[in-house]
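Participant: What follows is a single structure, and I will ask about it in a moment.
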Amino acid sequence: MKIFVAFVCEICYTVCTNKKREGTLTKRTRIEEIALLIEKNGKMSLEELGKQFPDVSDMTLRRDLLELEKENKVIRVRGGAMSVLEVQKRSGEAYAQKSTINTDAKKVIAKKASSLIDDGVSLFLDGGTTALALAKELPDKPCHIFTNGLVVAEELAHKKQPEVILVGGSLIKENLSTASPYSKVFLENSNFELAIISASAFSFEQGFSCVSQVESELLKFILARAKMVYMMLDTSKIGKIMPYTFATAENIDVLITDDNFPADVKEKFEASNIVVI
């Protein structure tokens with residue numbers, strides 16, 4: 001009888017030990033399985049994930065999705081999450097179309113901007129199509145590049161030497177970038193020698209503006225932290241106004257533009273001691 005009791009106790013101990021061991025492993029395993037499921041299906045709701053993991057609470061699944069978002073593997077949406085690749089596929093058409101507009105001007109601006117980036121510099125680059133042109137032109141050199149642009153980060157990933165830090169947040173479909181109030185928390189201990197920003201619109205009355213309020217707040221934060229601010233602006237953006245202003249002419253140090261930039265507009269910038277390239 002004593003032998004039997006000892007045998008049962010040993011089995012119980014082994015089962016409990018395995019469960020504890022599983023507890024330390026299953027969280028990471030579960031998170032990886034969730035990532036694979038979302039990547040496979042493109043998008044999954046919490047309800048669908050709950051069916052796949054019936055023993056896991058909705059609160060735990062939400063935390064798993066938050067962790068995956070921090071790892072830039074998914075983008076949370078209302079009631080679930082989407083894979084980054086699916087978001088790019090769904091939103092990429094409009095972005096790709098914008099990237100084909102004024103390509104010559106963007107390439108000229110990108111070449112000028114790339115010549116101003118030194119080895120080892122720490123900089124922030126936004127997610128616009130002009131920023132994408134700069135990411136393509138940038139030589140493969142050692143530097144630290146923070147960006148909230150998904151496509152910009154993907155382009156930079158083809159280069160070996162730059163260290164690329166992708167800023168997370170809610171998806172802004174118009175330019176496949178991310179931003180949220182938590183982006184400031186992520187970046188509060190980061191330092192930028194340069195902020196290289198591309199504006200969607202500019203007028204002297206309304207300043208540099210964009211389509212997203214949350215991105216506008218992020219850009220204001222970035223410009224305040226940067227030692228130097230370079231603004232990329234092609235001629236087609238002059239005189240246009242978007243809903244949210246994130247900077248005025250007084251907030252920038254250098255304006256990088258194309259060869260067709262109007263002389264009178266250039267003179268106004270230079271009158272404010274802004275270098276125009």
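Quick note on naming: the chains in the structure tokens go A, B, ... in the order shown, residues restart at 1 in each chain, and ligands are numbered from 1 in order of appearance.
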So which residues touch Arg76 of chain A within 12 Å, counting only C-alpha atoms, skipping near sequence neighbours fewer than 4 positions away, as a VMD selection string?
Facilitator: chain A and resid 35 38 42 to 46 61 to 72 80 to 84 87 168 to 171 178
Participant: Which polymer residues have any atom within 12 Å of an atom of Phe261 of chain A, counting only C-alpha atoms, with same-chain residues fewer than 6 positions away left out, as a count of residues only?
Facilitator: 15
Participant: Please, what distance in Å, to one decimal, runs between atom CA of Leu194 of chain A and atom CA of Lys73 of chain A?
Facilitator: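 Separation of atom CA of Leu194 of chain A and atom CA of Lys73 of chain A: 27.4 Å.
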Participant: With only C-alpha atoms as the counted atoms, please give the residues lying no more than 8 Å from Ser177 of chain A, apart from itself and same-chain residues fewer than 2 positions off, as a ChimeraX atom specification.
Facilitator: /A:126-128,148-151,171-175,179
Participant: I need the residue nearest Thr60 of chain A from this list: A:Lys27, A:Lys227, A:Arg78, A:Lys40. Use only C-alpha atoms for the distance.
Facilitator: A:Lys27
Participant: With only C-alpha atoms as the counted atoms, please give the residues lying no more than 12 Å from Glu217 of chain A, apart from itself and same-chain residues fewer than 6 positions off, as number ranges by chain.
Facilitator: A: 178-184, 209-211, 223-224, 244-247
Participant: Just list as a ChimeraX atom specification whatever in segment 52-242 of chain A DSSP marks as helix (DSSP H, G or I).
Facilitator: /A:52,58-70,84-99,103-114,129-137,150-156,181-187,213-225,235-237
Participant: Using only C-alpha atoms, which residues sit within 10 Å of Val275 of chain A once same-chain residues fewer than 5 positions away are excluded, as a ChimeraX atom specification?
Facilitator: /A:230,252-256,266,269-270
Participant: If you run DSSP on this backbone, which residues of segment 10-241 of chain A come out as strand (DSSP E or B), and could you give them as an MDAnalysis selection string?
Facilitator: chainID A and resid 43:45 74:77 80:83 122:125 144:147 149 163:166 170:172 177:179 194:198 201:203 207:210 228:232 238
Participant: Kindly give the distance, in Å, that separates atom CA of Ala131 of chain A and atom CA of Val74 of chain A, rounded to a single decimal.
Facilitator: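 Answer for the atom CA of Ala131 of chain A to atom CA of Val74 of chain A separation: 22.8 Å.
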Participant: Would you work out the distance separating atom CA of Thr103 of chain A from atom CA of Phe202 of chain A, expressed in Å to one decimal?
Facilitator: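 A separation of 18.6 Å between them.
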